[in-house]
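Chemist: For reference, the file my_file.pdb (PDB, C-alpha atoms and all ligand atoms) is included below:
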```
ATOM      1  CA  MET A   1    -248.200-189.011-169.667
ATOM      2  CA  ARG A   2    -244.433-189.204-169.096
ATOM      3  CA  TRP A   3    -242.707-192.596-169.213
ATOM      4  CA  TRP A   4    -239.200-193.979-169.724
ATOM      5  CA  MET A   5    -237.292-197.237-169.423
ATOM      6  CA  THR A   6    -234.427-197.990-167.000
ATOM      7  CA  ARG A   7    -232.346-200.973-165.912
ATOM      8  CA  GLU A   8    -233.089-202.028-162.349
ATOM      9  CA  ARG A   9    -232.121-204.819-160.031
ATOM     10  CA  VAL A  10    -234.850-207.232-158.902
ATOM     11  CA  ASP A  11    -233.735-210.118-156.660
ATOM     12  CA  ASP A  12    -230.123-209.960-157.844
ATOM     13  CA  ARG A  13    -231.075-209.847-161.519
ATOM     14  CA  VAL A  14    -230.892-206.752-163.706
ATOM     15  CA  VAL A  15    -234.201-206.269-165.540
ATOM     16  CA  ILE A  16    -235.879-203.671-167.739
ATOM     17  CA  ALA A  17    -238.210-201.372-165.806
ATOM     18  CA  LEU A  18    -240.983-199.173-167.123
ATOM     19  CA  ASN A  19    -241.191-195.888-165.207
ATOM     20  CA  VAL A  20    -244.468-194.056-165.617
ATOM     21  CA  VAL A  21    -245.835-190.848-164.105
ATOM     22  CA  LEU A  22    -249.617-190.928-163.674
ATOM     23  CA  PRO A  23    -251.140-187.450-163.973
ATOM     24  CA  THR A  24    -253.228-187.599-160.790
ATOM     25  CA  ARG A  25    -254.586-184.547-158.961
ATOM     26  CA  GLY A  26    -251.336-184.427-156.969
ATOM     27  CA  CYS A  27    -250.131-184.823-153.412
ATOM     28  CA  SER A  28    -252.669-184.061-150.676
ATOM     29  CA  TRP A  29    -249.907-182.764-148.382
ATOM     30  CA  ASN A  30    -248.147-180.590-150.969
ATOM     31  CA  LYS A  31    -246.125-178.615-148.428
ATOM     32  CA  CYS A  32    -242.552-179.919-148.617
ATOM     33  CA  TYR A  33    -240.139-177.050-149.219
ATOM     34  CA  MET A  34    -238.368-178.621-152.203
ATOM     35  CA  CYS A  35    -241.345-180.121-154.028
ATOM     36  CA  SER A  36    -243.603-178.819-156.781
ATOM     37  CA  TYR A  37    -244.989-182.103-158.081
ATOM     38  CA  ALA A  38    -248.530-180.806-157.573
ATOM     39  CA  LEU A  39    -247.881-178.291-160.377
ATOM     40  CA  ASP A  40    -247.595-181.233-162.798
ATOM     41  CA  SER A  41    -250.966-182.651-161.815
ATOM     42  CA  GLU A  42    -253.748-182.809-164.393
ATOM     43  CA  ASP A  43    -256.446-185.148-163.111
ATOM     44  CA  THR A  44    -257.470-186.480-166.524
ATOM     45  CA  ASN A  45    -258.620-189.925-167.611
ATOM     46  CA  PHE A  46    -255.201-191.388-168.241
ATOM     47  CA  LEU A  47    -256.203-195.054-168.382
ATOM     48  CA  PRO A  48    -256.409-195.395-172.208
ATOM     49  CA  GLU A  49    -252.900-193.962-172.595
ATOM     50  CA  PHE A  50    -251.637-196.075-169.725
ATOM     51  CA  MET A  51    -252.892-199.218-171.488
ATOM     52  CA  THR A  52    -251.034-198.257-174.677
ATOM     53  CA  ILE A  53    -247.783-197.727-172.791
ATOM     54  CA  MET A  54    -248.145-201.166-171.283
ATOM     55  CA  ASP A  55    -247.447-202.673-174.744
ATOM     56  CA  GLN A  56    -243.710-202.166-174.046
ATOM     57  CA  GLU A  57    -241.538-205.110-172.966
ATOM     58  CA  PHE A  58    -240.486-204.909-169.302
ATOM     59  CA  GLN A  59    -240.285-207.034-166.173
ATOM     60  CA  LYS A  60    -240.770-204.341-163.553
ATOM     61  CA  ILE A  61    -243.023-201.294-163.407
ATOM     62  CA  LYS A  62    -242.506-198.220-161.248
ATOM     63  CA  ILE A  63    -245.495-195.933-160.893
ATOM     64  CA  PHE A  64    -244.995-192.323-159.825
ATOM     65  CA  THR A  65    -248.051-190.274-158.945
ATOM     66  CA  SER A  66    -246.620-186.906-157.878
ATOM     67  CA  GLY A  67    -247.852-187.874-154.430
ATOM     68  CA  SER A  68    -249.209-191.117-152.963
ATOM     69  CA  PHE A  69    -250.520-194.059-154.999
ATOM     70  CA  LEU A  70    -252.351-195.229-151.876
ATOM     71  CA  ASP A  71    -254.087-191.915-151.142
ATOM     72  CA  THR A  72    -257.664-192.426-152.353
ATOM     73  CA  ARG A  73    -258.202-188.646-152.580
ATOM     74  CA  GLU A  74    -255.400-188.531-155.089
ATOM     75  CA  LEU A  75    -256.090-191.805-156.881
ATOM     76  CA  PRO A  76    -259.654-193.081-156.314
ATOM     77  CA  GLU A  77    -259.912-196.754-155.468
ATOM     78  CA  PRO A  78    -261.766-197.824-158.653
ATOM     79  CA  THR A  79    -259.000-196.260-160.804
ATOM     80  CA  ARG A  80    -256.318-197.856-158.657
ATOM     81  CA  ASN A  81    -257.981-201.262-159.070
ATOM     82  CA  LYS A  82    -258.155-200.887-162.849
ATOM     83  CA  ILE A  83    -254.436-200.085-162.918
ATOM     84  CA  LEU A  84    -253.676-203.163-160.825
ATOM     85  CA  ASP A  85    -255.765-205.340-163.166
ATOM     86  CA  ILE A  86    -253.818-204.076-166.174
ATOM     87  CA  ILE A  87    -250.517-204.764-164.419
ATOM     88  CA  LYS A  88    -251.624-208.254-163.428
ATOM     89  CA  LYS A  89    -252.287-209.169-167.040
ATOM     90  CA  LYS A  90    -248.755-208.058-167.939
ATOM     91  CA  LYS A  91    -247.281-210.573-165.454
ATOM     92  CA  VAL A  92    -244.417-208.353-164.280
ATOM     93  CA  ARG A  93    -242.102-209.488-161.486
ATOM     94  CA  GLU A  94    -242.411-206.356-159.376
ATOM     95  CA  LEU A  95    -244.508-203.214-158.990
ATOM     96  CA  THR A  96    -243.104-200.170-157.201
ATOM     97  CA  ILE A  97    -245.469-197.545-155.861
ATOM     98  CA  GLU A  98    -244.834-194.374-153.858
ATOM     99  CA  THR A  99    -246.710-193.239-150.803
ATOM    100  CA  ARG A 100    -246.524-191.164-147.669
ATOM    101  CA  PRO A 101    -246.411-193.389-144.548
ATOM    102  CA  GLU A 102    -249.872-192.386-143.285
ATOM    103  CA  PHE A 103    -251.528-194.396-146.101
ATOM    104  CA  HIS A 104    -249.705-197.644-145.296
ATOM    105  CA  GLU A 105    -252.884-199.532-144.354
ATOM    106  CA  GLU A 106    -254.068-199.313-147.968
ATOM    107  CA  ALA A 107    -250.955-201.249-149.036
ATOM    108  CA  LEU A 108    -252.153-204.503-147.505
ATOM    109  CA  SER A 109    -255.023-205.034-149.967
ATOM    110  CA  VAL A 110    -252.806-204.144-152.948
ATOM    111  CA  TYR A 111    -250.148-206.550-151.680
ATOM    112  CA  SER A 112    -252.565-209.472-151.222
ATOM    113  CA  TYR A 113    -254.159-208.848-154.621
ATOM    114  CA  LEU A 114    -250.801-208.940-156.450
ATOM    115  CA  LYS A 115    -249.422-211.815-154.405
ATOM    116  CA  LYS A 116    -251.913-214.231-155.961
ATOM    117  CA  ASP A 117    -250.032-213.710-159.266
ATOM    118  CA  SER A 118    -246.563-213.761-157.653
ATOM    119  CA  ILE A 119    -246.027-210.058-158.310
ATOM    120  CA  ALA A 120    -243.882-208.477-155.597
ATOM    121  CA  LEU A 121    -244.878-205.084-154.232
ATOM    122  CA  GLU A 122    -242.254-202.499-153.427
ATOM    123  CA  VAL A 123    -243.516-199.575-151.354
ATOM    124  CA  ALA A 124    -241.380-196.452-151.672
ATOM    125  CA  MET A 125    -241.671-193.745-149.018
ATOM    126  CA  GLY A 126    -240.021-190.351-149.049
ATOM    127  CA  LEU A 127    -238.487-190.255-145.603
ATOM    128  CA  GLU A 128    -235.826-187.722-146.699
ATOM    129  CA  SER A 129    -234.033-187.705-143.300
ATOM    130  CA  SER A 130    -234.159-189.650-140.039
ATOM    131  CA  ASN A 131    -233.601-186.419-138.088
ATOM    132  CA  ASP A 132    -236.928-185.010-136.816
ATOM    133  CA  ARG A 133    -235.570-181.453-136.600
ATOM    134  CA  ILE A 134    -234.517-181.579-140.247
ATOM    135  CA  LEU A 135    -237.856-183.129-141.224
ATOM    136  CA  LYS A 136    -239.702-180.329-139.465
ATOM    137  CA  TYR A 137    -237.605-177.220-140.019
ATOM    138  CA  CYS A 138    -235.701-177.928-143.251
ATOM    139  CA  ILE A 139    -238.270-179.942-145.218
ATOM    140  CA  ASN A 140    -241.699-179.422-143.616
ATOM    141  CA  LYS A 141    -242.406-183.106-144.167
ATOM    142  CA  GLY A 142    -245.427-183.349-141.887
ATOM    143  CA  PHE A 143    -244.432-186.645-140.270
ATOM    144  CA  THR A 144    -241.700-187.886-137.947
ATOM    145  CA  PHE A 145    -239.134-190.660-138.203
ATOM    146  CA  LYS A 146    -241.272-192.654-135.747
ATOM    147  CA  ASP A 147    -244.240-192.463-138.169
ATOM    148  CA  PHE A 148    -242.020-193.907-140.884
ATOM    149  CA  VAL A 149    -240.779-196.715-138.630
ATOM    150  CA  LYS A 150    -244.379-197.584-137.675
ATOM    151  CA  ALA A 151    -245.380-197.777-141.354
ATOM    152  CA  VAL A 152    -242.395-200.012-142.163
ATOM    153  CA  ALA A 153    -243.389-202.395-139.356
ATOM    154  CA  ALA A 154    -246.919-202.612-140.763
ATOM    155  CA  LEU A 155    -245.751-203.386-144.303
ATOM    156  CA  GLU A 156    -244.549-206.875-143.500
ATOM    157  CA  GLY A 157    -243.813-209.053-146.535
ATOM    158  CA  MET A 158    -243.466-206.081-148.869
ATOM    159  CA  LYS A 159    -240.227-204.650-150.164
ATOM    160  CA  ILE A 160    -239.563-201.215-148.708
ATOM    161  CA  LYS A 161    -237.679-198.409-150.367
ATOM    162  CA  ALA A 162    -236.762-195.218-148.523
ATOM    163  CA  TYR A 163    -235.987-192.025-150.388
ATOM    164  CA  LEU A 164    -233.383-189.884-148.636
ATOM    165  CA  LEU A 165    -232.626-186.320-149.604
ATOM    166  CA  ILE A 166    -229.103-185.107-150.207
ATOM    167  CA  LYS A 167    -228.889-181.485-149.096
ATOM    168  CA  PRO A 168    -232.214-180.192-147.787
ATOM    169  CA  PRO A 169    -232.270-176.381-147.441
ATOM    170  CA  PHE A 170    -230.730-174.674-144.388
ATOM    171  CA  LEU A 171    -227.896-177.221-144.135
ATOM    172  CA  THR A 172    -224.300-176.689-145.193
ATOM    173  CA  GLU A 173    -222.713-179.074-147.684
ATOM    174  CA  TYR A 174    -220.907-180.810-144.809
ATOM    175  CA  GLU A 175    -224.035-181.115-142.643
ATOM    176  CA  ALA A 176    -225.981-182.456-145.622
ATOM    177  CA  ILE A 177    -223.459-185.255-146.202
ATOM    178  CA  GLU A 178    -223.485-186.216-142.528
ATOM    179  CA  ASP A 179    -227.308-186.184-142.428
ATOM    180  CA  ALA A 180    -227.649-188.376-145.532
ATOM    181  CA  VAL A 181    -225.101-190.926-144.239
ATOM    182  CA  LYS A 182    -226.638-191.013-140.736
ATOM    183  CA  SER A 183    -230.164-191.384-142.146
ATOM    184  CA  ALA A 184    -229.057-194.306-144.335
ATOM    185  CA  GLU A 185    -227.406-195.975-141.332
ATOM    186  CA  ASP A 186    -230.614-195.492-139.317
ATOM    187  CA  VAL A 187    -232.857-197.203-141.902
ATOM    188  CA  ALA A 188    -230.514-199.727-143.529
ATOM    189  CA  GLU A 189    -231.652-202.641-141.356
ATOM    190  CA  MET A 190    -235.357-202.008-141.859
ATOM    191  CA  VAL A 191    -235.617-201.322-145.615
ATOM    192  CA  ASP A 192    -234.572-203.222-148.736
ATOM    193  CA  VAL A 193    -233.569-200.264-150.869
ATOM    194  CA  ILE A 194    -232.331-196.755-150.094
ATOM    195  CA  SER A 195    -232.685-194.251-152.902
ATOM    196  CA  PHE A 196    -230.675-191.054-152.463
ATOM    197  CA  ASN A 197    -232.166-187.988-154.104
ATOM    198  CA  PRO A 198    -229.818-185.036-154.484
ATOM    199  CA  VAL A 199    -231.999-181.911-154.386
ATOM    200  CA  ALA A 200    -232.851-180.300-157.718
ATOM    201  CA  ILE A 201    -234.504-176.886-157.749
ATOM    202  CA  HIS A 202    -238.223-177.186-158.529
ATOM    203  CA  LYS A 203    -240.159-174.184-159.735
ATOM    204  CA  LYS A 204    -242.314-172.189-157.296
ATOM    205  CA  THR A 205    -240.856-173.709-154.135
ATOM    206  CA  LEU A 206    -239.207-172.234-151.077
ATOM    207  CA  VAL A 207    -235.982-173.893-152.210
ATOM    208  CA  GLU A 208    -236.211-171.998-155.510
ATOM    209  CA  TYR A 209    -236.636-168.739-153.596
ATOM    210  CA  LEU A 210    -233.566-169.495-151.448
ATOM    211  CA  TRP A 211    -231.593-170.416-154.567
ATOM    212  CA  ARG A 212    -232.586-167.217-156.342
ATOM    213  CA  THR A 213    -231.590-165.132-153.339
ATOM    214  CA  GLY A 214    -228.206-166.856-153.069
ATOM    215  CA  THR A 215    -228.812-168.737-149.824
ATOM    216  CA  TYR A 216    -229.061-172.227-151.293
ATOM    217  CA  LYS A 217    -227.285-174.203-153.982
ATOM    218  CA  PRO A 218    -227.778-177.822-155.025
ATOM    219  CA  PRO A 219    -225.183-180.347-153.812
ATOM    220  CA  TRP A 220    -221.865-181.057-155.437
ATOM    221  CA  MET A 221    -221.603-184.364-157.293
ATOM    222  CA  TRP A 222    -218.611-185.001-154.996
ATOM    223  CA  SER A 223    -220.992-184.894-152.027
ATOM    224  CA  VAL A 224    -223.210-187.493-153.693
ATOM    225  CA  VAL A 225    -220.170-189.700-154.342
ATOM    226  CA  GLU A 226    -219.044-189.249-150.726
ATOM    227  CA  VAL A 227    -222.479-190.314-149.432
ATOM    228  CA  LEU A 228    -222.608-193.325-151.788
ATOM    229  CA  ASN A 229    -219.082-194.485-150.891
ATOM    230  CA  ARG A 230    -219.750-194.178-147.168
ATOM    231  CA  THR A 231    -222.962-196.213-147.398
ATOM    232  CA  CYS A 232    -222.078-198.902-149.980
ATOM    233  CA  HIS A 233    -221.366-201.474-147.243
ATOM    234  CA  LEU A 234    -224.833-201.142-145.639
ATOM    235  CA  PRO A 235    -227.222-204.119-145.796
ATOM    236  CA  ALA A 236    -229.805-202.271-147.943
ATOM    237  CA  HIS A 237    -229.285-201.936-151.689
ATOM    238  CA  ILE A 238    -228.396-198.313-152.471
ATOM    239  CA  VAL A 239    -229.502-196.481-155.608
ATOM    240  CA  CYS A 240    -229.220-192.917-156.819
ATOM    241  CA  HIS A 241    -230.738-191.489-160.007
ATOM    242  CA  PRO A 242    -230.041-187.740-159.865
ATOM    243  CA  VAL A 243    -232.042-185.383-162.073
ATOM    244  CA  ALA A 244    -230.982-182.093-163.720
ATOM    245  CA  VAL A 245    -227.354-183.312-163.593
ATOM    246  CA  GLY A 246    -224.889-180.576-164.546
ATOM    247  CA  LYS A 247    -227.694-178.047-164.993
ATOM    248  CA  ARG A 248    -227.980-174.854-162.958
ATOM    249  CA  ARG A 249    -230.851-176.355-160.989
ATOM    250  CA  GLY A 250    -229.219-179.714-160.278
ATOM    251  CA  VAL A 251    -226.269-181.548-158.774
ATOM    252  CA  ARG A 252    -222.995-180.535-160.395
ATOM    253  CA  ASN A 253    -219.202-180.606-160.405
ATOM    254  CA  CYS A 254    -217.031-178.913-163.035
ATOM    255  CA  ARG A 255    -217.951-179.337-166.716
ATOM    256  CA  LYS A 256    -215.166-181.826-167.253
ATOM    257  CA  CYS A 257    -216.192-184.462-164.736
ATOM    258  CA  THR A 258    -219.930-184.068-164.064
ATOM    259  CA  GLY A 259    -221.066-186.302-166.950
ATOM    260  CA  MET A 260    -218.503-189.009-166.285
ATOM    261  CA  LEU A 261    -219.351-189.132-162.579
ATOM    262  CA  ALA A 262    -223.063-189.267-163.396
ATOM    263  CA  GLY A 263    -222.353-192.455-165.397
ATOM    264  CA  LYS A 264    -220.426-193.924-162.462
ATOM    265  CA  VAL A 265    -223.329-193.119-160.130
ATOM    266  CA  GLN A 266    -225.699-195.000-162.487
ATOM    267  CA  ASP A 267    -223.372-198.040-162.450
ATOM    268  CA  TYR A 268    -223.116-197.808-158.667
ATOM    269  CA  SER A 269    -226.897-198.158-158.465
ATOM    270  CA  LEU A 270    -226.687-201.651-159.965
ATOM    271  CA  ALA A 271    -223.753-203.097-158.011
ATOM    272  CA  ASN A 272    -222.930-200.695-155.120
ATOM    273  CA  GLY A 273    -219.195-200.803-155.831
ATOM    274  CA  GLU A 274    -217.084-197.944-154.506
ATOM    275  CA  ILE A 275    -216.714-195.013-156.922
ATOM    276  CA  THR A 276    -213.172-193.838-157.645
ATOM    277  CA  HIS A 277    -212.470-190.660-159.588
ATOM    278  CA  ASP A 278    -210.329-187.578-159.470
ATOM    279  CA  CYS A 279    -210.545-184.101-160.955
ATOM    280  CA  HIS A 280    -209.084-180.664-160.209
ATOM    281  CA  CYS A 281    -212.509-179.486-158.918
ATOM    282  CA  ARG A 282    -212.311-181.898-155.987
ATOM    283  CA  GLY A 283    -210.034-179.425-154.203
ATOM    284  CA  GLU A 284    -212.719-176.742-154.384
ATOM    285  CA  TRP A 285    -215.267-179.140-152.902
ATOM    286  CA  ILE A 286    -212.903-180.110-150.068
ATOM    287  CA  LYS A 287    -212.363-176.417-149.348
ATOM    288  CA  GLU A 288    -216.128-175.908-149.063
ATOM    289  CA  ILE A 289    -216.545-178.925-146.784
ATOM    290  CA  ASN A 290    -213.716-177.779-144.534
ATOM    291  CA  SER A 291    -214.982-174.219-144.322
ATOM    292  CA  ILE A 292    -217.843-175.258-142.034
TER     293      ILE A 292
HETATM  294  S1  LIG A 301    -242.214-184.466-151.442
HETATM  295 FE1  LIG A 301    -243.831-186.009-151.519
HETATM  296  S2  LIG A 301    -244.998-185.660-149.624
HETATM  297 FE2  LIG A 301    -243.801-183.810-149.971
HETATM  298  S3  LIG A 301    -245.173-182.445-151.098
HETATM  299 FE3  LIG A 301    -243.936-183.582-152.611
HETATM  300  S4  LIG A 301    -245.150-185.347-153.193
HETATM  301 FE4  LIG A 301    -246.008-184.516-151.269
HETATM  302 ZN    ZN A 302    -214.337-181.781-162.021
END
```
Once you've parsed the file, please lay out its structure as structure tokens.
Modeler:
Amino acid sequence: MRWWMTRERVDDRVVIALNVVLPTRGCSWNKCYMCSYALDSEDTNFLPEFMTIMDQEFQKIKIFTSGSFLDTRELPEPTRNKILDIIKKKKVRELTIETRPEFHEEALSVYSYLKKDSIALEVAMGLESSNDRILKYCINKGFTFKDFVKAVAALEGMKIKAYLLIKPPFLTEYEAIEDAVKSAEDVAEMVDVISFNPVAIHKKTLVEYLWRTGTYKPPWMWSVVEVLNRTCHLPAHIVCHPVAVGKRRGVRNCRKCTGMLAGKVQDYSLANGEITHDCHCRGEWIKEINSI
């Protein structure tokens, strides 16, 4: 079972968060063009190991399931309840779970159960984009922006986090920036946190095929910075934790500045202050943006 610790903001305080990936059977949808989480699925009895990991010191726990925590086909209810019992004993301040919007009704029982112990529930949903054409043709998400909005309305009292993609396939670098900024503006009033995910190339996906055939490349780090700087004033808290930074399959600038900018993006996620930086590779990025 994979787990790691991060620093996160909970109610204006920076706390230690345990991030853990439960090896469930994987996402029931499993059709998004950039995603191969289902390949990581194992469907084993992970509870003993989960209990051991819980010995760490932390005030927040984020559970990733390679799909939806609230999908009972993926995570049967008795297992889910055992996990919640373990978390209750730990007396954390906040639990974050991930789900597709169609399972939102299941969130209500989890929320009420945790509320008795003053544990806040944050429900994270991968919206990716507020543009229905992009959801359908570039991502194959299987739901519309309206479905997401309906789920948000039903999750009253819970904290909501929306994941937005930076650079879905079939968009130029320029279009991807505009889509990410517009999507954030569209959801900023209805969610507490927006988490930008710059696309990284997963194995055995359509995006990997496009990348291998030279018709897709992951976003520039400059594009991520542009999106973050244009959205830092929005009412939602903005975070971004890119993966595969500087690698062939991930977000990148030149060798000189990628690492330093990645650090600035991490700091941004805590305080949302504007990122300033300069490097010779910025000219190349501007050329690419202007070529569209
Ligand atoms: S991105 Fe989310 S909804 Fe889409 S296939 Fe992957 S886990 Fe499922
Ligand atoms: Zn550079």
Chemist: When distances are computed from only C-alpha atoms, which of A:Gly246, A:Pro235, A:Pro23, A:Gly157 shows the smallest separation from Asn272 of chain A?
Modeler: A:Pro235
Chemist: Starting from the displayed file, determine the output of the PyMOL selection byres (((chain A and resi 200) around 6) and not hetatm) and express the residue list as a list in words.
Modeler: Val199, Ile201, Arg249 and Gly250 of chain A
Chemist: Determine, for each residue of segment 43-162 of chain A having at least one atom at most 10 Å from an atom of segment 176-197 of chain A, the closest pair of atoms and their separation in Å to one decimal, counting all atoms listed in the file; order by chain and ascending number, as a tab-separated table.
Modeler:
```
residue	atom	partner	partner_atom	distance
A:Glu122	CA	A:Asp192	CA	9.0
A:Val123	CA	A:Val191	CA	9.9
A:Ala124	CA	A:Val193	CA	8.7
A:Met125	CA	A:Ser195	CA	9.8
A:Gly126	CA	A:Ser195	CA	9.2
A:Leu127	CA	A:Ser183	CA	9.1
A:Glu128	CA	A:Ser183	CA	8.1
A:Ser129	CA	A:Ser183	CA	5.5
A:Ser130	CA	A:Ser183	CA	4.8
A:Asn131	CA	A:Ser183	CA	7.3
A:Ile134	CA	A:Asp179	CA	8.8
A:Phe145	CA	A:Val187	CA	9.8
A:Phe148	CA	A:Val187	CA	9.8
A:Val149	CA	A:Met190	CA	8.2
A:Val152	CA	A:Met190	CA	7.3
A:Ala153	CA	A:Met190	CA	8.4
A:Met158	CA	A:Asp192	CA	9.3
A:Lys159	CA	A:Asp192	CA	6.0
A:Ile160	CA	A:Val191	CA	5.0
A:Lys161	CA	A:Val193	CA	4.5
A:Ala162	CA	A:Ile194	CA	4.9
```
Chemist: For the file shown, what are the residues hit by the PyMOL selection byres (((chain A and resi 219) around 12) and not hetatm), laid out as a VMD selection string?
Modeler: chain A and resid 165 to 169 171 to 177 180 197 to 201 211 216 to 218 220 to 227 242 to 253 285 288 to 289
Chemist: What does the distance from atom CA of Trp3 of chain A to atom CA of Ile97 of chain A come to in Å, to one decimal?
Modeler: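 Straight-line distance from atom CA of Trp3 of chain A to atom CA of Ile97 of chain A works out to 14.5 Å.
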Chemist: Taking (-242.3, -203.7, -159.9) in the file's coordinates, which residues come within 9 Å, counting all atoms listed in the file, written as a ChimeraX atom specification?
Modeler: /A:10,17-18,59-63,92-97,119-122
Chemist: Quick one: residues within 10 Å of segment 65-67 of chain A, all atoms listed in the file counted, chain neighbours fewer than 3 positions away excluded, as a PyMOL selection string?
Modeler: chain A and resi 20-30+35-41+62+70-71+74-75+97-100+126
Chemist: Can I get the residues close to ligand ZN 302 (chain A) as a PyMOL selection string, where close means within 8 Å and we count all atoms listed in the file?
Modeler: chain A and resi 253-258+278-282
Chemist: Mind pulling up the distance from atom CA of Ser118 of chain A to atom CA of Lys91 of chain A?
Modeler: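 Computing it gives 8.5 Å between the two atoms.
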